[in-house]
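Undergrad: Sending over structure-v4.txt (compact mmCIF, C-alpha atoms).
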# COMPACT_ATOMS: atom_id res chain seq x y z
CA MET A 66 -6.01 36.77 71.55
CA ASN A 67 -4.27 37.61 68.28
CA GLU A 68 -4.33 41.33 69.06
CA SER A 69 -2.76 40.82 72.49
CA HIS A 70 -0.14 38.52 71.01
CA ARG A 71 0.67 41.16 68.40
CA GLU A 72 0.97 43.80 71.09
CA ASP A 73 3.33 41.58 73.11
CA THR A 74 5.41 40.92 70.02
CA HIS A 75 5.90 44.63 69.35
CA ALA A 76 6.17 45.65 73.01
CA PRO A 77 8.71 48.41 73.74
CA LEU A 78 12.14 47.51 75.07
CA THR A 79 12.04 47.19 78.86
CA TYR A 80 14.73 48.29 81.29
CA TYR A 81 15.61 44.64 81.94
CA GLY A 82 15.95 43.92 78.23
CA ALA A 83 18.02 47.06 77.66
CA SER A 84 20.35 46.20 80.54
CA ARG A 85 20.86 42.69 79.15
CA LEU A 86 21.69 44.16 75.75
CA VAL A 87 24.20 46.59 77.29
CA TRP A 88 25.84 43.78 79.26
CA LEU A 89 26.04 41.64 76.10
CA ILE A 90 27.74 44.46 74.20
CA PHE A 91 30.11 45.04 77.12
CA PHE A 92 30.90 41.31 77.27
CA LEU A 93 31.64 41.16 73.52
CA PHE A 94 33.87 44.21 73.84
CA ILE A 95 35.84 42.57 76.66
CA VAL A 96 36.18 39.38 74.61
CA TRP A 97 37.45 41.45 71.68
CA LEU A 98 40.06 43.14 73.90
CA ILE A 99 41.23 39.77 75.21
CA LEU A 100 41.49 38.39 71.68
CA ARG A 101 43.55 41.39 70.60
CA ALA A 102 45.86 41.14 73.61
CA LEU A 103 46.41 37.37 73.38
CA GLN A 104 46.59 36.98 69.61
CA PRO A 105 49.80 34.86 69.45
CA VAL A 106 48.75 32.62 72.34
CA ILE A 107 45.22 32.07 70.99
CA LEU A 108 46.55 31.33 67.50
CA PHE A 109 49.12 28.89 68.89
CA PHE A 110 46.61 26.93 70.98
CA ALA A 111 43.93 27.05 68.27
CA LEU A 112 46.29 25.51 65.71
CA VAL A 113 47.43 22.82 68.18
CA PHE A 114 43.83 21.94 69.12
CA LEU A 115 42.89 21.83 65.44
CA ILE A 116 45.79 19.44 64.69
CA ALA A 117 44.83 17.32 67.71
CA MET A 118 41.23 17.12 66.51
CA VAL A 119 42.44 15.93 63.11
CA LEU A 120 44.97 13.39 64.47
CA ASN A 121 42.72 11.91 67.16
CA PRO A 122 41.03 9.38 64.78
CA ILE A 123 44.48 7.95 63.97
CA VAL A 124 45.28 7.54 67.68
CA VAL A 125 41.89 5.87 68.23
CA TRP A 126 42.53 3.51 65.31
CA LEU A 127 45.93 2.49 66.74
CA HIS A 128 44.40 2.07 70.20
CA LYS A 129 41.85 -0.39 68.79
CA TYR A 130 44.71 -2.73 67.93
CA GLY A 131 45.82 -2.94 71.55
CA ILE A 132 48.46 -0.20 71.47
CA PRO A 133 48.24 2.00 74.60
CA ARG A 134 47.06 5.52 73.85
CA ILE A 135 50.25 7.23 75.02
CA VAL A 136 52.35 4.85 72.91
CA SER A 137 50.09 5.52 69.92
CA VAL A 138 50.57 9.26 70.40
CA ILE A 139 54.37 8.93 70.63
CA LEU A 140 54.51 6.72 67.51
CA LEU A 141 52.36 9.23 65.63
CA MET A 142 54.56 12.14 66.72
CA LEU A 143 57.71 10.29 65.61
CA ALA A 144 56.12 9.57 62.23
CA LEU A 145 55.14 13.25 61.79
CA ILE A 146 58.63 14.43 62.81
CA ALA A 147 60.21 12.00 60.32
CA LEU A 148 57.86 13.17 57.56
CA THR A 149 58.50 16.85 58.32
CA THR A 150 62.26 16.31 58.38
CA THR A 151 62.13 14.53 55.03
CA ILE A 152 60.15 17.38 53.48
CA ILE A 153 62.55 20.00 54.86
CA VAL A 154 65.65 18.13 53.67
CA PHE A 155 64.41 17.41 50.16
CA ALA A 156 61.93 20.20 49.38
CA ILE A 157 63.26 23.36 51.03
CA PRO A 158 66.55 23.64 49.02
CA PRO A 159 64.88 23.56 45.55
CA LEU A 160 62.12 25.85 46.82
CA THR A 161 64.71 28.35 48.04
CA ILE A 162 66.57 28.21 44.72
CA GLN A 163 63.39 28.78 42.72
CA MET A 164 62.31 31.64 44.99
CA GLN A 165 65.68 33.34 44.58
CA GLU A 166 65.46 32.86 40.82
CA LEU A 167 61.94 34.27 40.74
CA LEU A 168 62.95 37.34 42.75
CA ARG A 169 66.06 37.82 40.62
CA ASN A 170 63.99 37.69 37.43
CA ALA A 171 61.19 39.89 38.84
CA PRO A 172 62.29 43.02 36.88
CA LYS A 173 62.49 41.00 33.65
CA LEU A 174 59.07 39.45 34.30
CA ALA A 175 57.60 42.87 35.07
CA GLN A 176 59.05 44.25 31.81
CA GLY A 177 57.60 41.32 29.86
CA LEU A 178 54.22 41.84 31.50
CA GLN A 179 54.34 45.53 30.62
CA THR A 180 55.11 44.69 26.99
CA ARG A 181 52.22 42.24 26.75
CA ILE A 182 49.76 44.67 28.31
CA GLU A 183 50.87 47.46 25.94
CA SER A 184 50.34 45.12 22.99
CA LEU A 185 46.90 44.21 24.29
CA THR A 186 45.84 47.82 24.82
CA ARG A 187 46.95 48.78 21.32
CA SER A 188 44.66 46.11 19.90
CA TYR A 189 41.77 46.89 22.27
CA PRO A 190 41.50 50.62 23.13
CA ALA A 191 38.65 49.98 25.59
CA VAL A 192 40.99 47.83 27.68
CA ARG A 193 43.58 50.63 27.65
CA GLU A 194 41.10 53.07 29.15
CA ALA A 195 39.97 50.60 31.83
CA LEU A 196 43.46 49.62 32.99
CA PRO A 197 45.98 51.84 34.80
CA ARG A 198 49.16 52.81 33.02
CA THR A 199 51.47 49.91 32.19
CA ASP A 200 54.42 51.37 34.08
CA GLU A 201 52.24 51.56 37.19
CA ILE A 202 51.18 47.94 36.75
CA ALA A 203 54.78 46.82 36.27
CA SER A 204 56.01 48.70 39.32
CA LYS A 205 53.17 47.29 41.45
CA VAL A 206 53.93 43.73 40.27
CA ALA A 207 57.61 44.17 41.07
CA ALA A 208 56.82 45.65 44.47
CA ALA A 209 54.37 42.84 45.22
CA SER A 210 56.96 40.24 44.24
CA ALA A 211 59.52 41.81 46.55
CA THR A 212 56.97 41.99 49.37
CA ILE A 213 56.00 38.33 48.95
CA GLY A 214 59.66 37.37 48.89
CA ASN A 215 60.36 39.29 52.08
CA VAL A 216 57.33 37.79 53.83
CA LEU A 217 58.36 34.27 52.84
CA LEU A 218 61.94 34.93 53.88
CA ARG A 219 60.90 36.28 57.28
CA SER A 220 58.49 33.37 57.73
CA THR A 221 61.24 30.88 56.89
CA ILE A 222 63.67 32.52 59.29
CA GLY A 223 60.97 32.57 61.96
CA LEU A 224 60.24 28.89 61.42
CA VAL A 225 63.88 27.90 61.53
CA GLY A 226 64.54 30.08 64.57
CA GLY A 227 61.44 29.09 66.48
CA VAL A 228 62.76 25.74 67.68
CA ALA A 229 61.49 26.34 71.21
CA SER A 230 57.98 27.06 69.92
CA VAL A 231 58.00 23.90 67.80
CA VAL A 232 59.14 21.77 70.74
CA PHE A 233 56.49 23.34 72.97
CA ALA A 234 53.82 22.72 70.31
CA ILE A 235 54.83 19.04 70.06
CA LEU A 236 54.71 18.63 73.84
CA LEU A 237 51.31 20.35 74.01
CA LEU A 238 50.02 18.16 71.19
CA VAL A 239 51.22 15.05 73.03
CA PHE A 240 49.47 16.14 76.24
CA VAL A 241 46.23 16.91 74.41
CA LEU A 242 46.16 13.64 72.46
CA ALA A 243 47.30 11.47 75.39
CA ASP A 244 44.35 12.46 77.60
CA PRO A 245 41.79 14.65 75.79
CA ARG A 246 38.77 13.62 77.87
CA PRO A 247 39.08 16.34 80.56
CA LEU A 248 39.33 19.02 77.86
CA VAL A 249 36.35 17.61 75.96
CA ALA A 250 34.30 17.25 79.15
CA ALA A 251 34.98 20.88 80.07
CA TYR A 252 33.10 22.19 77.04
CA PRO A 253 29.64 20.68 77.74
CA GLY A 254 30.27 21.27 81.44
CA LEU A 255 30.36 25.02 80.83
CA VAL A 256 27.07 24.93 78.92
CA PRO A 257 23.75 25.13 80.84
CA ALA A 258 22.04 21.75 81.28
CA ARG A 259 19.19 22.57 78.89
CA TYR A 260 21.73 23.10 76.07
CA ARG A 261 23.86 20.04 76.86
CA GLU A 262 22.53 18.00 73.93
CA GLN A 263 23.17 20.80 71.42
CA ALA A 264 26.68 21.25 72.82
CA HIS A 265 27.40 17.54 72.38
CA ARG A 266 26.14 17.56 68.78
CA THR A 267 28.12 20.73 68.04
CA LEU A 268 31.39 19.16 69.17
CA ALA A 269 30.66 15.87 67.39
CA ARG A 270 29.83 17.64 64.12
CA MET A 271 32.89 19.88 64.41
CA MET A 272 35.25 16.94 64.95
CA ARG A 273 33.68 15.05 62.04
CA GLN A 274 33.91 18.04 59.70
CA MET A 275 37.49 18.87 60.66
CA THR A 276 38.59 15.28 60.04
CA ALA A 277 36.91 15.33 56.63
CA TRP A 278 38.37 18.77 55.87
CA ALA A 279 41.92 17.74 56.83
CA ARG A 280 41.66 14.55 54.80
CA GLY A 281 40.37 16.52 51.84
CA VAL A 282 43.10 19.15 52.12
CA ALA A 283 45.81 16.51 52.35
CA ILE A 284 44.62 14.36 49.43
CA ASN A 285 43.38 17.15 47.15
CA GLY A 286 46.34 19.38 48.00
CA ILE A 287 48.96 16.75 47.23
CA ILE A 288 47.32 15.72 43.95
CA THR A 289 46.57 19.29 42.85
CA GLY A 290 49.97 20.66 43.92
CA LEU A 291 51.88 17.89 42.15
CA SER A 292 49.74 18.23 39.02
CA ILE A 293 50.17 22.01 38.85
CA GLY A 294 53.93 21.82 39.53
CA VAL A 295 54.65 19.01 37.07
CA LEU A 296 52.49 20.37 34.23
CA LEU A 297 53.86 23.91 34.61
CA ALA A 298 57.38 22.51 34.56
CA LEU A 299 56.57 20.57 31.37
CA ILE A 300 55.45 23.73 29.57
CA GLY A 301 58.62 25.56 30.71
CA MET A 302 57.18 27.87 33.38
CA GLN A 303 59.52 29.49 35.88
CA ALA A 304 59.17 28.60 39.57
CA ALA A 305 56.87 25.67 38.79
CA LEU A 306 57.65 24.01 42.15
CA ILE A 307 56.71 27.15 44.07
CA PHE A 308 53.40 27.40 42.23
CA GLY A 309 52.78 23.75 43.09
CA VAL A 310 53.27 24.61 46.77
CA PHE A 311 50.89 27.57 46.37
CA ALA A 312 48.32 25.20 44.85
CA PHE A 313 48.65 22.92 47.87
CA LEU A 314 48.19 25.82 50.31
CA GLY A 315 45.23 27.05 48.25
CA GLU A 316 43.33 23.92 49.28
CA PHE A 317 42.95 25.43 52.75
CA LEU A 318 40.53 27.92 51.17
CA PRO A 319 37.91 25.93 49.25
CA ASN A 320 36.12 27.68 46.38
CA ILE A 321 38.41 30.73 46.35
CA GLY A 322 41.85 29.12 46.75
CA ALA A 323 42.03 28.12 43.09
CA PHE A 324 41.29 31.70 42.00
CA LEU A 325 43.95 33.17 44.29
CA VAL A 326 46.55 30.64 43.13
CA SER A 327 45.79 31.21 39.45
CA ILE A 328 46.54 34.96 39.51
CA PRO A 329 50.35 34.83 40.04
CA ILE A 330 50.66 31.84 37.69
CA LEU A 331 48.90 33.66 34.85
CA LEU A 332 50.79 36.92 35.47
CA VAL A 333 54.17 35.16 35.26
CA ALA A 334 53.01 33.19 32.21
CA LEU A 335 51.78 36.35 30.49
CA SER A 336 55.16 37.99 31.04
CA MET A 337 56.77 35.04 29.23
CA GLY A 338 54.54 35.30 26.16
CA ALA A 339 51.06 34.59 24.82
CA THR A 340 51.81 30.91 24.21
CA LYS A 341 52.93 30.37 27.80
CA PHE A 342 49.82 32.22 29.03
CA TRP A 343 47.39 30.00 27.13
CA LEU A 344 49.28 26.85 28.10
CA ALA A 345 49.26 27.87 31.78
CA LEU A 346 45.55 28.71 31.56
CA GLY A 347 44.91 25.28 30.05
CA VAL A 348 46.83 23.62 32.89
CA ILE A 349 44.83 25.53 35.52
CA VAL A 350 41.46 24.76 33.90
CA LEU A 351 42.33 21.07 33.46
CA VAL A 352 43.64 20.50 36.99
CA TYR A 353 40.89 22.37 38.82
CA GLN A 354 38.13 20.86 36.69
CA VAL A 355 39.41 17.40 37.61
CA GLU A 356 39.55 18.45 41.26
CA LEU A 357 36.07 20.00 41.22
CA ASN A 358 34.35 17.10 39.44
CA VAL A 359 36.36 14.11 40.70
CA LEU A 360 38.43 14.81 43.81
CA VAL A 361 36.08 17.05 45.80
CA PRO A 362 32.96 14.81 45.46
CA GLY A 363 35.01 11.68 46.10
CA VAL A 364 37.11 12.92 49.03
CA LEU A 365 35.07 15.58 50.77
CA GLY A 366 31.58 14.56 49.71
CA LYS A 367 29.03 16.88 51.32
CA GLU A 368 30.81 17.43 54.63
CA MET A 369 31.85 21.04 54.06
CA ARG A 370 28.83 23.10 53.00
CA LEU A 371 30.36 26.55 53.26
CA HIS A 372 29.47 29.45 51.01
CA PRO A 373 32.46 31.22 49.37
CA VAL A 374 31.34 34.53 50.92
CA ASN A 375 31.52 33.00 54.41
CA ILE A 376 34.96 31.60 53.72
CA LEU A 377 36.19 34.94 52.38
CA PHE A 378 34.83 36.82 55.41
CA PHE A 379 36.48 34.47 57.90
CA THR A 380 39.70 34.48 55.87
CA LEU A 381 39.94 38.27 56.07
CA ALA A 382 38.85 38.29 59.73
CA ALA A 383 41.32 35.59 60.79
CA THR A 384 44.14 37.23 58.83
CA GLU A 385 43.38 40.59 60.43
CA LEU A 386 43.36 39.04 63.91
CA PHE A 387 46.22 36.57 63.65
CA GLY A 388 48.26 37.47 60.57
CA LEU A 389 49.22 35.14 57.73
CA LEU A 390 48.84 31.96 59.82
CA GLY A 391 45.26 32.95 60.55
CA VAL A 392 44.34 31.73 57.05
CA PHE A 393 44.58 28.15 58.35
CA LEU A 394 41.80 28.92 60.86
CA ALA A 395 39.40 30.43 58.32
CA VAL A 396 37.56 27.25 57.31
CA PRO A 397 37.42 25.77 60.87
CA ALA A 398 36.09 29.08 62.21
CA ALA A 399 33.46 29.32 59.47
CA ALA A 400 32.41 25.71 60.08
CA LEU A 401 32.21 26.23 63.85
CA VAL A 402 30.05 29.35 63.57
CA GLN A 403 27.75 27.65 61.07
CA ILE A 404 27.35 24.58 63.30
CA VAL A 405 26.71 26.66 66.45
CA ILE A 406 24.05 28.77 64.70
CA ASP A 407 22.41 25.64 63.31
CA GLU A 408 22.37 23.72 66.62
CA PHE A 409 21.53 26.53 69.05
CA TYR A 410 19.30 28.76 66.90
CA LEU A 411 17.90 27.18 63.72
CA GLN A 412 17.11 23.63 64.81
CA PRO A 413 15.35 24.57 68.12
CA ARG A 414 13.08 26.88 66.12
CA LYS A 415 12.42 24.15 63.54
CA ILE A 416 13.29 26.44 60.64
CA ASN A 417 11.98 25.20 57.30
CA ALA A 418 15.13 25.47 55.19
CA ALA A 419 13.36 24.49 51.97
CA ALA A 420 10.70 27.18 52.42
CA LEU A 421 13.33 29.81 53.19
CA ASP A 422 15.28 28.77 50.10
CA ARG A 423 12.15 29.18 47.95
CA GLU A 424 11.52 32.62 49.45
CA ALA A 425 15.13 33.61 48.77
CA ALA A 426 14.85 32.39 45.18
CA GLY A 427 11.72 34.48 44.72
CA LEU A 428 13.41 37.59 46.10
CA VAL A 429 16.50 37.09 43.97
CA GLU A 430 14.47 36.53 40.82
CA GLY A 431 12.17 39.46 41.55
CA LYS A 432 9.02 37.35 41.81
CA THR A 433 7.87 38.82 45.15
Take the structure from the file and write it as structure tokens.

TA:
Amino acid sequence: MNESHREDTHAPLTYYGASRLVWLIFFLFIVWLILRALQPVILFFALVFLIAMVLNPIVVWLHKYGIPRIVSVILLMLALIALTTTIIVFAIPPLTIQMQELLRNAPKLAQGLQTRIESLTRSYPAVREALPRTDEIASKVAAASATIGNVLLRSTIGLVGGVASVVFAILLLVFVLADPRPLVAAYPGLVPARYREQAHRTLARMMRQMTAWARGVAINGIITGLSIGVLLALIGMQAALIFGVFAFLGEFLPNIGAFLVSIPILLVALSMGATKFWLALGVIVLVYQVELNVLVPGVLGKEMRLHPVNILFFTLAATELFGLLGVFLAVPAAALVQIVIDEFYLQPRKINAAALDREAAGLVEGKT
């Protein structure tokens, strides 16, 4: 019996199996072509559906108090429009001024950075051999600053000029939130009956995780962004408000966002002197230690169990597919793939996660 089972397990690939594999590859290729052709449309609808998933608990909460669902949706939209207008009126002008100041001082900052690096390499020859020439570093920093400025400028112009897209997004969001049941019912309806339960759990887990993720981004981002901006302003850093905004946006990339935000802050601080560098480093360590040990456990809990490597992969993939706005889909995409694999592959096979973790530890530590 064991021999026959072993022979069946290692049986050669049949014509039927090969044809199914070919059709699967062909199907994935067609899906990839469709994704490439409809990038803006897919990104637009994905962001709207993600926002709807996050806002739906608020609509449900209002509906519990006797407010009709459509009225709840309209009230929520008016509140969001009022909040967005307030942010634009009060935050965009100082942000624009600081960005212009940062771009205007880019050559001076690059020169200061070059001076600091030269001083460091004179003291530590090994560092001098490992780093490229200081003039190359300075030119790359200046070029990167100009590129970031141009990207932000084009993005701002696109946002201001895309009134029709914003109106369409609001209307689509209203339609989705006002009557989401047909859209939700379509998903399990497309799944074969034997997978209906897994499909239901997948959607329920995804909605729960996205709500927790959005709440965590909002609370952690506001606290972290304000802390970074205020503390950097107190130590006399340039463009402190902009770095506060970067810290807020960095919350969309857990685990790696803090690292990406810290790089430009420390480079600008280093160009302003050693004292500014150490003060800025102290601010970063203080704020992100508080976030890691207080805010994340208290706000997010254990909802988002995503490895930094997974987040980085989906960040690069989403950015390659959809551009800069694709970053906002990185964590939802990583969470969705993880949930689907868990529900449709791991749980039906009753995988022993603890045993696999012990095996992995043994391989990593060289014990097996």

Undergrad: Could you list, with a cut-off of 12 Å and counting all atoms listed in the file, the residues of region 106-138 of chain A near region 367-386 of chain A, each shown with its nearest atom pair and the distance in Å rounded to one decimal, rows sorted by chain and ascending number, as CSV?

TA:
residue,atom,partner,partner_atom,distance
A:Val106,CA,A:Leu386,CA,11.9
A:Ile107,CA,A:Leu386,CA,10.1
A:Leu108,CA,A:Leu386,CA,9.1
A:Ala111,CA,A:Ala383,CA,11.6

Undergrad: Which neighbours of region 234-245 of chain A fall inside 12 Å, counting only C-alpha atoms, when residues of the same chain fewer than 4 positions from it are skipped, and could you give them as a ChimeraX atom specification?

TA: /A:106,108-125,128,133-143,145-146,227-230,249-252

Undergrad: Quick one: pull the distance between CA of Gln163 (chain A) and CA of Val396 (chain A), Å, one decimal.

TA: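 CA of Val396 (chain A) lies at a distance of 29.7 Å from CA of Gln163 (chain A).
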
Undergrad: When you draw a straight line from CA of Ile95 (chain A) to CA of Val256 (chain A), how long is it in Å?

TA: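 Here the two named atoms are 19.8 Å from each other.
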
Undergrad: Between CA of Met272 (chain A) and CA of Phe311 (chain A), what distance in Å does the model show, to one decimal?

TA: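 Interatomic distance here is 26.5 Å.
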
Undergrad: With distances taken over only C-alpha atoms, which of A:Trp126, A:Ala398, A:Val282, A:Met302 is nearest to Gly322 (chain A)?

TA: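 Once distances to Gly322 (chain A) are computed over only C-alpha atoms, the minimum belongs to A:Val282.
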
Undergrad: With only C-alpha atoms as the atoms that count, which of A:Leu167, A:Leu318, A:Leu335, A:Leu160 lies nearest to Leu394 (chain A)?

TA: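 Comparing A:Leu167, A:Leu318, A:Leu335, A:Leu160 against Leu394 (chain A), the winner is A:Leu318.
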
Undergrad: Counting only C-alpha atoms, what is within 9 Å of Val405 (chain A), bar same-chain residues fewer than 4 positions away, as a PDB file with C-alpha atoms, in the frame of the given file?

TA:
ATOM      1  CA  GLN A 263      23.170  20.800  71.420  1.00  0.00           C
ATOM      2  CA  ALA A 264      26.680  21.250  72.820  1.00  0.00           C
ATOM      3  CA  THR A 267      28.120  20.730  68.040  1.00  0.00           C
ATOM      4  CA  ALA A 400      32.410  25.710  60.080  1.00  0.00           C
ATOM      5  CA  LEU A 401      32.210  26.230  63.850  1.00  0.00           C
ATOM      6  CA  PHE A 409      21.530  26.530  69.050  1.00  0.00           C
ATOM      7  CA  TYR A 410      19.300  28.760  66.900  1.00  0.00           C
TER       8      TYR A 410
END

Undergrad: Closest to Phe387 (chain A) among A:Ile284, A:Ala258, A:Leu103, A:Leu86, using only C-alpha atoms?

TA: A:Leu103

Undergrad: Tell me, as a list of chain:residue names, which residues lie within 9 Å of Val333 (chain A), counting only C-alpha atoms; anything in the same chain fewer than 4 positions away does not count.

TA: A:Leu174, A:Ala175, A:Gly177, A:Leu178, A:Met302, A:Gln303, A:Ile328, A:Pro329, A:Met337, A:Lys341, A:Phe342

Undergrad: May I have the residues within 7 Å of region 293-299 of chain A as a PyMOL selection string, using only C-alpha atoms and disregarding those fewer than 5 positions away in the same chain?

TA: chain A and resi 305-306+308-309+345+348+352

Undergrad: Grab the residues selected above and save them as an mmCIF file, in the coordinates of the input with C-alpha atoms.

TA:
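Saved result, again-v1.cif, follows:
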data_model
loop_
_atom_site.group_PDB
_atom_site.id
_atom_site.type_symbol
_atom_site.label_atom_id
_atom_site.label_comp_id
_atom_site.auth_asym_id
_atom_site.auth_seq_id
_atom_site.Cartn_x
_atom_site.Cartn_y
_atom_site.Cartn_z
ATOM 1 C CA ALA A 305 56.870 25.670 38.790
ATOM 2 C CA LEU A 306 57.650 24.010 42.150
ATOM 3 C CA PHE A 308 53.400 27.400 42.230
ATOM 4 C CA GLY A 309 52.780 23.750 43.090
ATOM 5 C CA ALA A 345 49.260 27.870 31.780
ATOM 6 C CA VAL A 348 46.830 23.620 32.890
ATOM 7 C CA VAL A 352 43.640 20.500 36.990
#

Undergrad: Kindly indicate which residue among A:Leu255, A:Ala339, A:Leu325, A:Ile349 lies nearest to Thr289 (chain A), using only C-alpha atoms for the distances.

TA: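 Looking at the shortest contact to Thr289 (chain A), the residue is A:Ile349.
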
Undergrad: Could you work out an axis-aligned box for region 144-159 of chain A, taking every atom the file lists and adding 4 Å on each side, and report centre and edge lengths in Å to one decimal, as AutoDock Vina command-line options?

TA:
--center_x 60.8 --center_y 16.6 --center_z 54.2 --size_x 19.4 --size_y 22.1 --size_z 25.3
